[in-house]
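Here is the structure we will look at.
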2 protein chains.
Amino acid sequence: MDRGLGIDLGGTNVRAAVVDRSTGALMAVQREPLVDRSPEAVTAVTVGVVRAAAKAAGTDPSALGRVGCGVAGQCLGDTGTVINAPNLGWRDVPFGPMLAKALGGAVRMVNDLSAAAWGELQFGAARGASDVALVFVGSGVGCGLILGGQLHQGAGGIAGELGHTKVQTESGGVAPRRCGCGELGCLEAYLGGVALAGRVREELGRGAVSSIRDRVEGGLGRVGAAAVEAAYVQGDTYAVALWEELGELLGMAIANLITLLNPARVVLGGGVLSGCPSLVEIATRWVQSATSRSALAQVTLVPSRLGDDAGVIGAAILPGR
Amino acid sequence: MDRGLGIDLGGTNVRAAVVDRSTGALMAVQREPLVDRSPEAVTAVTVGVVRAAAKAAGTDPSALGRVGCGVAGQCLGDTGTVINAPNLGWRDVPFGPMLAKALGGAVRMVNDLSAAAWGELQFGAARGASDVALVFVGSGVGCGLILGGQLHQGAGGIAGELGHTKVQTESGGVAPRRCGCGELGCLEAYLGGVALAGRVREELGRGAVSSIRDRVEGGLGRVGAAAVEAAYVQGDTYAVALWEELGELLGMAIANLITLLNPARVVLGGGVLSGCPSLVEIATRWVQSATSRSALAQVTLVPSRLGDDAGVIGAAILPGR
């Protein structure tokens with residue numbers, strides 16, 4: 001059996017899995033939380049989960065060939081250097097070479113959504129397509145692109161930053177919201193789960209009327225997209241207005257991506273999208289009305305099929321060196 | 001010498017050129033106006049300019065191998081069928097096969113801006129880059145994409161429709177303008193030379209105060225982007241407001257394209273951009289302020305180097321079958 005090893009390095013956990021390359025099936029999975037996020041500590045924890053996953057699959061890391069690693073951050077081409085990973089607090093960390101040295105074998109680093117898009121392409125919701133965008137809305141907003149059958153990483157390996165395209169400017173009459181990245185008006189500053197929860201807390205704290213307040217046990221600190229979705233379904237005025245606003249922003253961003261790139265498939269993933277069908281429905285209406293007719297006729301929007309496993313599966317079967 | 005033959009099929013003219021494939025130099029060029037735009041008549045005129053160009057270069061079309069043809073319209077993958085070419089009034093015309101039969105040799109059809117982007121990549125302003133966007137503003141707004149060193153045509157061969165991405169929606173408080181394509185709020189409905197001239201005529205006709213009125217000899221029917229640019233330079237209030245509005249729309253569209261695709265080079269071409277440096281300057285300011293920092297650091301904006309010849313040169317040297 002042809003097996004590969006994939007790693008999904010997030011801001012709070014690292015997962016490693018042994019994957020059957022011919023079916024995408026997970027043979028063994030190991031996960032560890034990240035307490036110390038220094039590159040050295042993360043390397044050590046990652047080596048641990050890699051060895052444990054290999055052992056659980058009855059093999060050895062060295063028998064699995066090159067390891068693929070998706071990271072929630074920007075990677076510099078094929079160098080393995082992580083340019084920027086906000087959740088890890090990393091800038092210019094040569095994690096690929098560090099891990100390769102510790103494991104005694106080759107490592108390929110890519111952005112986690114590129115890995116997830118590759119996984120969905122090979123064994124998930126994007127099978128059979130050559131031009132695919134994975135749009136992911138979880139705590140942040142991201143995108144993985146497969147173009148012409150290849151992972152599109154761009155000139156510096158940082159393509160796919162849909163979450164940092166701008167959806168609001170000063171001239172719009174409404175002050176654009178500030179994103180976690182420091183810039184103004186990014187899509188992520190509106191749709192990302194962290195930003196969204198912060199905004200709802202802030203607006204309810206200032207006295208906005210909504211049943212969301214009664215829905216969250218444990219106070220406003222626990223508010224999130226799921227509470228807004230539940231309130232929307234009950235016709236809550238605040239939630240309806242918020243979902244209409246955010247559904248338009250997301251739908252227009254996806255519509256323009258489709259018009260520009262002419263993908264065959266757009267895969268929707270991440271906790272906010274999988275947990276908020278009403279938001280997805282509003283966004284889909286905007287995609288249908290705002291995408292260029294000819295490009296719309298050639299695309300389908302589908303939910304992620306591999307879910308949280310897409311990244312680790314994609315990483316295990318990455319193409320190329 | 002390795003030579004190729006390229007065709008640039010626009011709405012009013014067809015050009016054919018014999019091109020030195022190793023230098024991009026034009027060895028011979030022929031042009032004919034299109035009077036009858038029926039596919040049969042255009043095929044006949046095209047065969048005529050192809051033979052004349054080959055003869056002027058001292059050769060025969062059959063000695064030049066496969067012919068490349070860029071058309072101002074959408075092409076269906078490698079089939080050679082032109083799905084939609086508004087300026088020619090064509091829908092689903094199998095022009096590639098028709099021309100191939102008439103010439104007795106292979107023909108590859110692509111969108112004219114894809115051809116132009118390929119020309120700029122090989123011998124023009126995009127040399128040495130692997131990820132390039134050609135943004136063209138002439139009578140319309142278009143875009144050719146080179147991604148990972150390959151022409152990006154998308155799932156159905158219609159990628160690059162930057163001109164039909166939406167920049168205004170009903171919910172913005174201002175009614176979006178209707179595009180020549182029939183849809184609302186397209187970038188081309190604002191920036192395209194035809195739409196722009198129509199809007200200025202309409203607004204001045206309704207009494208807007210501007211020195212543009214005095215600049216155009218022969219009445220408002222002759223108004224165009226050049227007159228707005230000249231008025232802007234003199235501080236004309238109407239022209240300043242218009243260029244500020246349009247420069248923001250263009251700049252934001254380019255900024256978001258860069259953030260999403262991470263190109264190394266954005267090439268600016270077309271009559272409106274080459275003739276209106278002030279508009280380009282405003283758009284460039286928006287690109288600088290709205291592009292994600294990391295993607296901005298890796299891109300340069302440059303003017304087209306091959307100008308009107310980019311399409312015919314690119315068509316002559318297209319890769320693949």
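Here, A, B, ... name the chains of the structure tokens in the order displayed, residue numbers run from 1 inside each chain, and ligands are numbered from 1 in the same displayed order.
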Contact table chain B vs chain A, cut-off 6 Å, shortest pair per residue, only C-alpha atoms, as a Markdown table:
| residue | atom | partner | partner_atom | distance |
| --- | --- | --- | --- | --- |
| B:Asp131 | CA | A:Ala155 | CA | 5.8 |
| B:Gly154 | CA | A:Asn262 | CA | 4.7 |
| B:Ala155 | CA | A:Ala264 | CA | 5.4 |
| B:Ala159 | CA | A:Leu261 | CA | 4.7 |
| B:Gly160 | CA | A:Leu260 | CA | 4.7 |
| B:Glu161 | CA | A:Leu260 | CA | 5.0 |
| B:Leu162 | CA | A:Leu260 | CA | 5.4 |
| B:Thr165 | CA | A:Asn256 | CA | 4.9 |
| B:Asn256 | CA | A:Thr165 | CA | 4.9 |
| B:Thr259 | CA | A:Glu161 | CA | 5.7 |
| B:Leu260 | CA | A:Gly160 | CA | 4.7 |
| B:Leu261 | CA | A:Ala159 | CA | 4.7 |
| B:Asn262 | CA | A:Ala159 | CA | 4.7 |
| B:Pro263 | CA | A:Ala155 | CA | 5.4 |
| B:Ala264 | CA | A:Ala155 | CA | 5.4 |
Just list as a short mmCIF file (atom, residue, chain, number, x, y, z; two decimals) with C-alpha atoms, in the first residue's frame whatever in range 45-207 of chain B DSSP marks as strand (DSSP E).
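Final output, saved to result_6.cif:
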data_model
loop_
_atom_site.label_atom_id
_atom_site.label_comp_id
_atom_site.auth_asym_id
_atom_site.auth_seq_id
_atom_site.Cartn_x
_atom_site.Cartn_y
_atom_site.Cartn_z
CA VAL B 67 -1.26 29.52 -36.28
CA GLY B 68 -2.31 31.30 -33.07
CA CYS B 69 -5.33 33.56 -32.99
CA GLY B 70 -6.35 35.95 -30.23
CA VAL B 71 -9.97 37.08 -30.40
CA GLN B 74 -14.51 34.12 -24.90
CA CYS B 75 -13.10 30.87 -26.27
CA LEU B 76 -14.20 27.42 -25.20
CA THR B 81 -15.15 27.75 -30.60
CA VAL B 82 -15.79 31.40 -29.85
CA ILE B 83 -18.57 31.32 -27.24
CA ASN B 84 -19.22 35.03 -27.17
CA ALA B 85 -17.60 37.96 -29.00
CA TRP B 90 -20.78 36.12 -32.46
CA ARG B 91 -22.14 33.37 -30.21
CA ASP B 92 -20.86 29.80 -30.41
CA VAL B 93 -18.96 30.24 -33.66
CA VAL B 107 -5.15 26.94 -35.41
CA ARG B 108 -5.18 27.68 -31.66
CA MET B 109 -7.79 30.19 -30.49
CA VAL B 110 -7.45 32.16 -27.25
CA ASN B 111 -8.87 35.32 -25.76
CA VAL B 132 1.42 37.91 -14.11
CA ALA B 133 -1.82 39.81 -14.61
CA LEU B 134 -2.26 42.02 -17.66
CA VAL B 135 -4.92 44.60 -16.88
CA PHE B 136 -6.21 46.28 -19.99
CA VAL B 137 -8.50 49.30 -20.16
CA VAL B 141 -11.82 46.31 -19.44
CA GLY B 142 -10.07 42.95 -19.65
CA CYS B 143 -7.40 40.86 -18.06
CA GLY B 144 -5.01 38.13 -19.11
CA LEU B 145 -3.56 35.83 -16.44
CA ILE B 146 -0.32 33.86 -16.39
CA LEU B 147 -0.22 31.70 -13.26
CA GLN B 150 0.99 28.88 -17.64
CA LEU B 151 -1.78 30.75 -19.39
#
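When CA of Val272 in chain A is paired with CA of Phe123 in chain A, their separation reads 22.6 Å.
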Shell around Gly119 in chain A at 9 Å using only C-alpha atoms, local window under 2 positions removed, as a list in words: Gly24, Ser114, Ala115, Ala116, Ala117, Leu121, Gln122, Phe123, Gly124, Ala126, Leu306, Asp309, Ala310, Gly311, Val312, Ile313, Gly314, Ala315, Ala316, Ile317 and Leu318 of chain A
Shell of 9 Å around range 46-51 of chain B, only C-alpha atoms, local chain residues under 3 positions omitted, as number ranges by chain: B: 5-7, 9, 14-18, 29-32, 41-43, 54-56, 60-61, 99, 102-103
Expected answer as a count of residues only: alpha helix (DSSP H) residues in range 198-252 of chain B: 37
Residues within 12 Å of Tyr232 in chain B, only C-alpha atoms, excluding chain neighbours under 5 positions, as a PyMOL selection string: chain B and resi 210-212+215+225-227+237-244+276-279+282
Residue contacts of Val19 in chain A (6 Å, only C-alpha atoms) excluding same-chain residues fewer than 3 positions away, as a list of chain:residue names: A:Arg3, A:Gly4, A:Gly24, A:Ala25, A:Leu26, A:Met27
Can you write just those residues out, all heavy atoms, as a compact mmCIF listing (two decimals), in the first residue's frame?
# COMPACT_ATOMS: atom_id res chain seq x y z
N ARG A 3 1.52 4.76 1.16
CA ARG A 3 1.05 5.63 2.22
C ARG A 3 1.89 6.89 2.33
O ARG A 3 3.06 6.91 1.95
CB ARG A 3 1.09 4.88 3.56
CG ARG A 3 0.14 3.69 3.56
CD ARG A 3 0.10 3.00 4.89
NE ARG A 3 1.35 2.30 5.17
CZ ARG A 3 1.51 1.49 6.22
NH1 ARG A 3 0.52 1.30 7.07
NH2 ARG A 3 2.66 0.88 6.41
N GLY A 4 1.29 7.97 2.81
CA GLY A 4 2.01 9.22 3.01
C GLY A 4 1.71 9.76 4.39
O GLY A 4 0.75 9.35 5.04
N GLY A 24 -7.17 8.01 0.13
CA GLY A 24 -7.34 9.16 1.02
C GLY A 24 -7.74 8.77 2.43
O GLY A 24 -7.97 9.64 3.28
N ALA A 25 -7.85 7.46 2.69
CA ALA A 25 -8.29 7.02 4.02
C ALA A 25 -7.22 7.31 5.09
O ALA A 25 -6.02 7.19 4.83
CB ALA A 25 -8.58 5.52 3.99
N LEU A 26 -7.69 7.69 6.28
CA LEU A 26 -6.78 7.93 7.39
C LEU A 26 -6.45 6.60 8.05
O LEU A 26 -7.34 5.90 8.53
CB LEU A 26 -7.45 8.85 8.42
CG LEU A 26 -7.73 10.29 7.98
CD1 LEU A 26 -8.49 11.04 9.07
CD2 LEU A 26 -6.44 11.02 7.64
N MET A 27 -5.16 6.22 8.08
CA MET A 27 -4.74 4.97 8.69
C MET A 27 -4.48 5.16 10.18
O MET A 27 -4.64 4.23 10.97
CB MET A 27 -3.47 4.45 8.03
CG MET A 27 -3.47 4.50 6.49
SD MET A 27 -4.82 3.58 5.78
CE MET A 27 -4.36 1.92 6.26
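Reported to one decimal place, the separation of CA of Ala197 in chain A from CA of Leu220 in chain A is 9.1 Å.
In this model, the gap between CA of Val45 in chain B and CA of Gly269 in chain B comes to 27.2 Å.
Closest approach to Gly224 in chain A among A:Gly138, A:Leu250, A:Arg206, A:Glu188 is made by A:Gly138 (distances from only C-alpha atoms).
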